[in-house]
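Trainee: Pasting a structure here, questions to come.
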Amino acid sequence: MADENTNEVVAPVEGAEAAAPAENRGPGRGRGRGNRGGGDRNRSDRGGGRGRRDDRRGGNRDEDQGEELIEKLVHINRVSKTVKGGKRFGFAALVVVGDGKGRAGFGHGKAREVPEAISKATAAAKKAMVRVPLKEGRTLHHDGLGHFGAGKVTLRSAPAGTGIIAGGPMRAVFESLGVADVVTKSNGTSNPYNMIRATFAALGEQTSPKSVAQRRGKKVADLLHRGGASVEVAQADAEAIVE
C-alpha cells in the first residue's frame with residue numbers, strides 16, 4: 001500500500017515538474033510567435049510599400065506612353081539549338097505595336113517559353129516605333145514601294161470606304177498604325193519577317209505636303225495648286241491637312 005501511495009504521490013510531482021518547464025517555455029514560445037508574427041506584419045507592410053512603389057513606377061510608364069498601344073502577334077515559331085547531349089528548344093515571336101494614330105513599330109524576341117518571347121518582342125517593338133504621316137488620319141498621302149531581301153511590297157492610298165486590302169503580316173501593321181483605307185500588294189517571299197521589314201521600309205519614305213512645303217520654303221497651297229487643283233480647292237485642301 002505504501003508503494004502504491006508513493007507512486008500516486010510521485011506521479012503528480014513528476015507531472016508538475018514536467019509541466020513547470022512547459023509553462024516556463026510557454027511564454028517564451030508565445031513571445032517567439034509574437035515576434036514572428038510582428039515580423040510577418042512588418043514584412044507585409046514592407047511588401048505593401050513595394051507594391052505602392054511598383055504602382056507608382058507603373059503609373060509613370062503609363063504617363064510616358066500617354067496612351068494605350070495596340071499589340072499584334074504576327075508570327076511565332078519554335079526554334080532549336082543543338083547542344084552537347086541533344087537539342088534545346090525555344091520560341092521566337094514577331095510582334096507589331098502601334099498607337100492607332102500614326103505610330104508603329106515591330107520587334108522579335110526569343111525565349112524558352114511563349115509568353116516570355118512575346119513580352120521580349122513587344123518591348124523591342126515599343127523601342128523601335130516610328131511616326132508615319134497620314135492623310136485625313138485614315139490613309140497614306142501617296143503610293144510607296146518597299147524592298148527588303150526577297151520581299152517587295154507596294155502601298156497605295158485609297159478613298160474612304162475601301163478598307164485594308166492587305167495580307168496577314170501587312171494587315172497587322174496597318175491596323176496598329178491606324179490606317180483605315182489602303183491597297184497593298186506583296187511580291188516575292190512570304191516570309192513574315194521580310195514582309196514586315198519591307199512594309200516599314202515603304203512607310204519610312206512617306207512624306208506629307210506640309211513637310212515638303214517646309215523643306216522647299218513654300219506654302220502647302222502652292223504645291224497643291226501646281227498639282228492641278230484650282231486656287232480655291234488648293235487653299236481648302238491645305239487648310240484641311242493636319243500633318
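We label chains A, B, ... in the order they appear in the C-alpha cells, count residues from 1 in each chain, and number ligands from 1 in the order shown.
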Using only C-alpha atoms, what table do you get, as JSON lines, when you list each residue of segment 165-220 of chain A with an atom no more than 10 Å from segment 68-85 of chain A, its nearest pair of atoms, and their distance in Å rounded to one decimal, rows by chain then rising number?

Mentor:
{"residue": "A:Gly168", "atom": "CA", "partner": "A:Val74", "partner_atom": "CA", "distance": 7.6}
{"residue": "A:Pro169", "atom": "CA", "partner": "A:Val74", "partner_atom": "CA", "distance": 5.8}
{"residue": "A:Met170", "atom": "CA", "partner": "A:Val74", "partner_atom": "CA", "distance": 9.1}
{"residue": "A:Arg171", "atom": "CA", "partner": "A:Val74", "partner_atom": "CA", "distance": 9.5}
{"residue": "A:Ala172", "atom": "CA", "partner": "A:Lys72", "partner_atom": "CA", "distance": 6.1}
{"residue": "A:Val173", "atom": "CA", "partner": "A:Lys72", "partner_atom": "CA", "distance": 8.2}
{"residue": "A:Glu175", "atom": "CA", "partner": "A:Ile70", "partner_atom": "CA", "distance": 8.4}
{"residue": "A:Ser176", "atom": "CA", "partner": "A:Ile70", "partner_atom": "CA", "distance": 5.5}
{"residue": "A:Leu177", "atom": "CA", "partner": "A:Ile70", "partner_atom": "CA", "distance": 8.6}
{"residue": "A:Gly178", "atom": "CA", "partner": "A:Ile70", "partner_atom": "CA", "distance": 9.5}
{"residue": "A:Asn191", "atom": "CA", "partner": "A:His75", "partner_atom": "CA", "distance": 9.8}
{"residue": "A:Pro192", "atom": "CA", "partner": "A:His75", "partner_atom": "CA", "distance": 7.1}
{"residue": "A:Tyr193", "atom": "CA", "partner": "A:His75", "partner_atom": "CA", "distance": 8.6}
{"residue": "A:Ile196", "atom": "CA", "partner": "A:Val74", "partner_atom": "CA", "distance": 9.3}

Trainee: For the residues in the current selection, export N, CA, C and O atoms as a compact mmCIF listing (two decimals), in the first residue's frame.

Mentor:
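The new file part03.txt reads:
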# COMPACT_ATOMS: atom_id res chain seq x y z
N GLY A 168 -1.77 39.03 -94.22
CA GLY A 168 -1.72 38.90 -92.77
C GLY A 168 -0.70 39.80 -92.09
O GLY A 168 -1.07 40.65 -91.27
N PRO A 169 0.61 39.64 -92.36
CA PRO A 169 1.59 40.49 -91.68
C PRO A 169 1.41 41.97 -91.98
O PRO A 169 1.53 42.82 -91.07
N MET A 170 1.11 42.33 -93.21
CA MET A 170 0.93 43.73 -93.56
C MET A 170 -0.35 44.29 -92.95
O MET A 170 -0.40 45.46 -92.54
N ARG A 171 -1.39 43.49 -92.86
CA ARG A 171 -2.63 43.95 -92.23
C ARG A 171 -2.39 44.31 -90.78
O ARG A 171 -2.94 45.30 -90.28
N ALA A 172 -1.59 43.52 -90.07
CA ALA A 172 -1.30 43.83 -88.67
C ALA A 172 -0.61 45.18 -88.54
O ALA A 172 -0.88 45.93 -87.60
N VAL A 173 0.27 45.51 -89.48
CA VAL A 173 0.96 46.81 -89.44
C VAL A 173 -0.02 47.95 -89.59
O VAL A 173 0.00 48.92 -88.82
N GLU A 175 -3.32 47.98 -89.18
CA GLU A 175 -4.29 48.06 -88.10
C GLU A 175 -3.69 48.72 -86.87
O GLU A 175 -4.35 49.53 -86.21
N SER A 176 -2.46 48.39 -86.54
CA SER A 176 -1.82 49.03 -85.40
C SER A 176 -1.42 50.47 -85.69
O SER A 176 -1.36 51.31 -84.79
N LEU A 177 -1.18 50.78 -86.97
CA LEU A 177 -0.81 52.14 -87.35
C LEU A 177 -2.01 53.08 -87.35
O LEU A 177 -1.85 54.30 -87.18
N GLY A 178 -3.21 52.56 -87.55
CA GLY A 178 -4.40 53.39 -87.59
C GLY A 178 -4.86 53.72 -88.99
O GLY A 178 -5.70 54.60 -89.17
N ASN A 191 7.83 35.31 -96.36
CA ASN A 191 8.41 35.30 -95.03
C ASN A 191 7.90 36.51 -94.25
O ASN A 191 8.08 37.65 -94.68
N PRO A 192 7.24 36.31 -93.10
CA PRO A 192 6.66 37.46 -92.40
C PRO A 192 7.70 38.47 -91.95
O PRO A 192 7.42 39.67 -91.91
N TYR A 193 8.91 38.03 -91.62
CA TYR A 193 9.95 38.96 -91.19
C TYR A 193 10.32 39.91 -92.32
O TYR A 193 10.42 41.13 -92.13
N ILE A 196 7.36 42.32 -93.18
CA ILE A 196 7.22 43.41 -92.21
C ILE A 196 8.30 44.46 -92.43
O ILE A 196 8.04 45.67 -92.43

Trainee: Contacts of segment 139-145 of chain A at 6 Å or less, counting only C-alpha atoms, minus same-chain residues fewer than 5 places along, as a ChimeraX atom specification?

Mentor: /A:134,153-157,179,181,202

Trainee: May I have the selected residues written with all heavy atoms, as a tab-separated table (two decimals), in the first residue's frame?

Mentor:
chain	number	residue	atom	x	y	z
A	134	LEU	N	-0.19	60.56	-91.96
A	134	LEU	CA	-1.41	60.00	-92.54
A	134	LEU	C	-2.28	61.12	-93.12
A	134	LEU	O	-2.34	62.22	-92.57
A	134	LEU	CB	-2.22	59.24	-91.50
A	134	LEU	CG	-1.51	58.04	-90.84
A	134	LEU	CD1	-2.43	57.39	-89.83
A	134	LEU	CD2	-1.05	57.04	-91.88
A	153	VAL	N	7.03	45.07	-101.59
A	153	VAL	CA	5.65	45.44	-101.30
A	153	VAL	C	5.33	46.76	-102.00
A	153	VAL	O	6.21	47.61	-102.20
A	153	VAL	CB	5.38	45.56	-99.79
A	153	VAL	CG1	5.62	44.24	-99.09
A	153	VAL	CG2	6.26	46.64	-99.17
A	154	THR	N	4.08	46.91	-102.37
A	154	THR	CA	3.57	48.14	-102.99
A	154	THR	C	2.41	48.65	-102.14
A	154	THR	O	1.47	47.89	-101.84
A	154	THR	CB	3.09	47.88	-104.42
A	154	THR	OG1	4.17	47.35	-105.19
A	154	THR	CG2	2.62	49.18	-105.07
A	155	LEU	N	2.47	49.92	-101.76
A	155	LEU	CA	1.43	50.55	-100.94
A	155	LEU	C	0.77	51.65	-101.75
A	155	LEU	O	1.46	52.44	-102.40
A	155	LEU	CB	2.02	51.13	-99.65
A	155	LEU	CG	2.95	50.24	-98.83
A	155	LEU	CD1	3.42	50.97	-97.59
A	155	LEU	CD2	2.27	48.93	-98.47
A	156	ARG	N	-0.56	51.71	-101.68
A	156	ARG	CA	-1.30	52.74	-102.42
A	156	ARG	C	-2.37	53.34	-101.52
A	156	ARG	O	-3.07	52.61	-100.79
A	156	ARG	CB	-1.95	52.15	-103.67
A	156	ARG	CG	-0.95	51.74	-104.74
A	156	ARG	CD	-1.64	51.33	-106.03
A	156	ARG	NE	-0.68	51.01	-107.07
A	156	ARG	CZ	-1.02	50.67	-108.32
A	156	ARG	NH1	-2.31	50.56	-108.64
A	156	ARG	NH2	-0.09	50.41	-109.21
A	157	SER	N	-2.50	54.64	-101.58
A	157	SER	CA	-3.57	55.31	-100.84
A	157	SER	C	-4.91	54.98	-101.50
A	157	SER	O	-4.97	54.66	-102.69
A	157	SER	CB	-3.34	56.82	-100.83
A	157	SER	OG	-3.29	57.32	-102.16
A	179	VAL	N	-4.36	53.00	-89.99
A	179	VAL	CA	-4.77	53.22	-91.38
A	179	VAL	C	-6.07	52.46	-91.62
A	179	VAL	O	-6.17	51.27	-91.33
A	179	VAL	CB	-3.67	52.76	-92.36
A	179	VAL	CG1	-4.16	52.87	-93.79
A	179	VAL	CG2	-2.41	53.57	-92.15
A	181	ASP	N	-7.90	52.88	-94.79
A	181	ASP	CA	-8.11	52.65	-96.23
A	181	ASP	C	-6.74	52.57	-96.90
A	181	ASP	O	-6.00	53.56	-96.93
A	181	ASP	CB	-8.94	53.77	-96.85
A	181	ASP	CG	-10.28	53.95	-96.15
A	181	ASP	OD1	-11.09	53.02	-96.17
A	181	ASP	OD2	-10.49	55.03	-95.56
A	202	ALA	N	8.83	50.91	-96.79
A	202	ALA	CA	7.96	51.75	-97.63
A	202	ALA	C	7.32	52.86	-96.81
A	202	ALA	O	7.18	54.00	-97.27
A	202	ALA	CB	6.89	50.88	-98.28

Trainee: Quote the spacing between atom CA of His108 of chain A and atom CA of Phe89 of chain A in Å to one decimal place.

Mentor: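 Atom CA of His108 of chain A sits 16.7 Å away from atom CA of Phe89 of chain A.
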
Trainee: What gap, in Å, lies between atom CA of Arg131 of chain A and atom CA of Ala201 of chain A?

Mentor: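 So the two atoms, atom CA of Arg131 of chain A and atom CA of Ala201 of chain A, lie 12.4 Å apart.
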
Trainee: Considering only C-alpha atoms, return as a CSV table (one decimal) with N, CA, C and O atoms, in the first residue's frame whatever protein or nucleic-acid residues lie within 10 Å of Ser186 of chain A, sequence-local ones (same chain, fewer than 3 positions apart) excluded.

Mentor:
chain,number,residue,atom,x,y,z
A,146,GLY,N,8.4,49.3,-101.1
A,146,GLY,CA,9.3,48.8,-100.1
A,146,GLY,C,10.0,47.5,-100.5
A,146,GLY,O,9.4,46.7,-101.2
A,147,HIS,N,11.3,47.4,-100.1
A,147,HIS,CA,12.1,46.2,-100.5
A,147,HIS,C,13.0,45.9,-99.4
A,147,HIS,O,13.7,46.7,-98.8
A,151,GLY,N,11.7,40.3,-100.4
A,151,GLY,CA,10.4,40.8,-100.2
A,151,GLY,C,10.2,42.1,-100.9
A,151,GLY,O,11.0,43.0,-100.7
A,152,LYS,N,9.1,42.3,-101.6
A,152,LYS,CA,8.8,43.6,-102.3
A,152,LYS,C,7.3,43.9,-102.0
A,152,LYS,O,6.5,43.0,-102.3
A,153,VAL,N,7.0,45.1,-101.6
A,153,VAL,CA,5.6,45.4,-101.3
A,153,VAL,C,5.3,46.8,-102.0
A,153,VAL,O,6.2,47.6,-102.2
A,154,THR,N,4.1,46.9,-102.4
A,154,THR,CA,3.6,48.1,-103.0
A,154,THR,C,2.4,48.7,-102.1
A,154,THR,O,1.5,47.9,-101.8
A,155,LEU,N,2.5,49.9,-101.8
A,155,LEU,CA,1.4,50.5,-100.9
A,155,LEU,C,0.8,51.7,-101.7
A,155,LEU,O,1.5,52.4,-102.4
A,166,ALA,N,-4.9,43.9,-97.6
A,166,ALA,CA,-3.5,43.6,-97.3
A,166,ALA,C,-3.5,42.1,-96.8
A,166,ALA,O,-4.5,41.6,-96.3
A,167,GLY,N,-2.3,41.5,-96.9
A,167,GLY,CA,-2.2,40.2,-96.3
A,167,GLY,C,-2.0,40.2,-94.8
A,167,GLY,O,-2.1,41.3,-94.2
A,170,MET,N,1.1,42.3,-93.2
A,170,MET,CA,0.9,43.7,-93.6
A,170,MET,C,-0.4,44.3,-93.0
A,170,MET,O,-0.4,45.5,-92.5
A,189,THR,N,8.9,36.9,-101.6
A,189,THR,CA,8.8,36.0,-100.4
A,189,THR,C,7.6,36.2,-99.6
A,189,THR,O,7.0,37.3,-99.6
A,190,SER,N,7.1,35.2,-98.9
A,190,SER,CA,6.0,35.3,-98.0
A,190,SER,C,6.5,35.2,-96.5
A,190,SER,O,5.7,35.1,-95.6
A,195,MET,N,8.5,40.6,-95.0
A,195,MET,CA,7.4,41.4,-95.4
A,195,MET,C,7.2,42.6,-94.5
A,195,MET,O,6.9,43.7,-94.9
A,198,ALA,N,10.0,45.1,-95.2
A,198,ALA,CA,9.7,45.8,-96.4
A,198,ALA,C,8.6,46.8,-96.3
A,198,ALA,O,8.7,47.9,-96.8
A,199,THR,N,7.6,46.4,-95.5
A,199,THR,CA,6.5,47.4,-95.3
A,199,THR,C,6.9,48.6,-94.5
A,199,THR,O,6.6,49.7,-94.9

Trainee: Which of segment 56-242 of chain A end up as helix (DSSP H, G or I) when DSSP is run on this backbone - answer as a ChimeraX atom specification?

Mentor: /A:56-65,114-127,168-177,192-203,209-216,220-226,231-240

Trainee: Please compute the atom CA of Thr122 of chain A-atom CA of Ala93 of chain A distance, one decimal, in Å.

Mentor: 9.0 Å

Trainee: Restricting the calculation to only C-alpha atoms, which member of A:Thr184, A:Phe148, A:Gly109, A:Lys135 is positioned closest to Ile165 of chain A?

Mentor: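 Once distances to Ile165 of chain A are computed over only C-alpha atoms, the minimum belongs to A:Thr184.
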
Trainee: Rank A:Val183, A:Ala150, A:Ala92, A:Val130 by their smallest atom-to-atom distance to Phe106 of chain A, using only C-alpha atoms, and report the top residue only.

Mentor: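 Closest to Phe106 of chain A, using only C-alpha atoms: A:Val130.
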
Trainee: When you count only C-alpha atoms, which of these residues is closest to Lys127 of chain A: A:Lys219, A:Arg103, A:Lys185, A:Arg112?

Mentor: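 Between A:Lys219, A:Arg103, A:Lys185, A:Arg112, the residue approaching Lys127 of chain A most closely is A:Arg103.
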
Trainee: Between A:Gly149, A:Gly161, A:Gly105, A:Gly188, which has the minimum distance to Phe200 of chain A (counting only C-alpha atoms)?

Mentor: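 Looking only at the distances to Phe200 of chain A, the closest residue turns out to be A:Gly105.
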
Trainee: Please identify which residues in segment 54-195 of chain A DSSP calls strand (DSSP E or B) from the backbone, and express them as a VMD selection string.

Mentor: chain A and resid 70 to 83 86 to 98 103 to 111 130 to 131 135 139 144 to 148 151 to 157 164 to 165 182 to 188

Trainee: Let's have the selection written as a CSV table (one decimal), in the first residue's frame, with C-alpha atoms.

Mentor:
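Here's the written file result13.csv:
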chain,number,residue,atom,x,y,z
A,70,ILE,CA,-2.3,48.1,-80.0
A,71,GLU,CA,-0.3,44.8,-79.9
A,72,LYS,CA,-0.5,42.3,-82.8
A,73,LEU,CA,1.2,38.9,-82.7
A,74,VAL,CA,2.2,38.3,-86.3
A,75,HIS,CA,4.2,35.1,-86.2
A,76,ILE,CA,5.5,32.6,-83.6
A,77,ASN,CA,7.9,29.8,-84.4
A,78,ARG,CA,9.6,27.0,-82.5
A,79,VAL,CA,13.4,27.2,-82.8
A,80,SER,CA,16.0,24.7,-81.5
A,81,LYS,CA,19.7,25.0,-80.5
A,82,THR,CA,21.9,21.9,-80.7
A,83,VAL,CA,24.0,21.5,-77.6
A,86,GLY,CA,20.7,16.9,-77.5
A,87,LYS,CA,18.7,19.9,-78.6
A,88,ARG,CA,17.4,22.8,-76.6
A,89,PHE,CA,14.0,24.1,-77.9
A,90,GLY,CA,12.7,27.7,-77.6
A,91,PHE,CA,10.2,30.0,-79.3
A,92,ALA,CA,10.6,33.1,-81.5
A,93,ALA,CA,7.9,35.7,-81.7
A,94,LEU,CA,7.3,38.6,-84.1
A,95,VAL,CA,5.1,41.4,-82.7
A,96,VAL,CA,3.8,44.7,-84.2
A,97,VAL,CA,2.9,47.5,-81.8
A,98,GLY,CA,1.1,50.8,-82.7
A,103,ARG,CA,3.0,55.5,-84.8
A,104,ALA,CA,4.0,51.8,-85.1
A,105,GLY,CA,7.0,49.5,-84.7
A,106,PHE,CA,7.9,45.9,-84.8
A,107,GLY,CA,10.2,43.6,-82.8
A,108,HIS,CA,11.1,40.0,-82.3
A,109,GLY,CA,12.2,38.0,-79.3
A,110,LYS,CA,13.3,34.5,-78.3
A,111,ALA,CA,12.8,32.6,-75.1
A,130,VAL,CA,8.3,55.3,-85.9
A,131,ARG,CA,5.8,58.0,-86.9
A,135,LYS,CA,-3.8,61.8,-94.9
A,139,THR,CA,-4.8,56.6,-95.4
A,144,GLY,CA,5.1,53.8,-101.9
A,145,LEU,CA,7.5,50.9,-102.7
A,146,GLY,CA,9.3,48.8,-100.1
A,147,HIS,CA,12.1,46.2,-100.5
A,148,PHE,CA,13.9,44.0,-98.1
A,151,GLY,CA,10.4,40.8,-100.2
A,152,LYS,CA,8.8,43.6,-102.3
A,153,VAL,CA,5.6,45.4,-101.3
A,154,THR,CA,3.6,48.1,-103.0
A,155,LEU,CA,1.4,50.5,-100.9
A,156,ARG,CA,-1.3,52.7,-102.4
A,157,SER,CA,-3.6,55.3,-100.8
A,164,ILE,CA,-7.5,47.5,-95.5
A,165,ILE,CA,-6.7,45.3,-98.5
A,182,VAL,CA,-5.1,51.2,-98.1
A,183,VAL,CA,-4.4,48.9,-101.0
A,184,THR,CA,-1.3,46.8,-100.9
A,185,LYS,CA,0.5,44.1,-102.9
A,186,SER,CA,3.3,41.8,-101.9
A,187,ASN,CA,5.6,40.2,-104.4
A,188,GLY,CA,8.4,37.7,-103.8
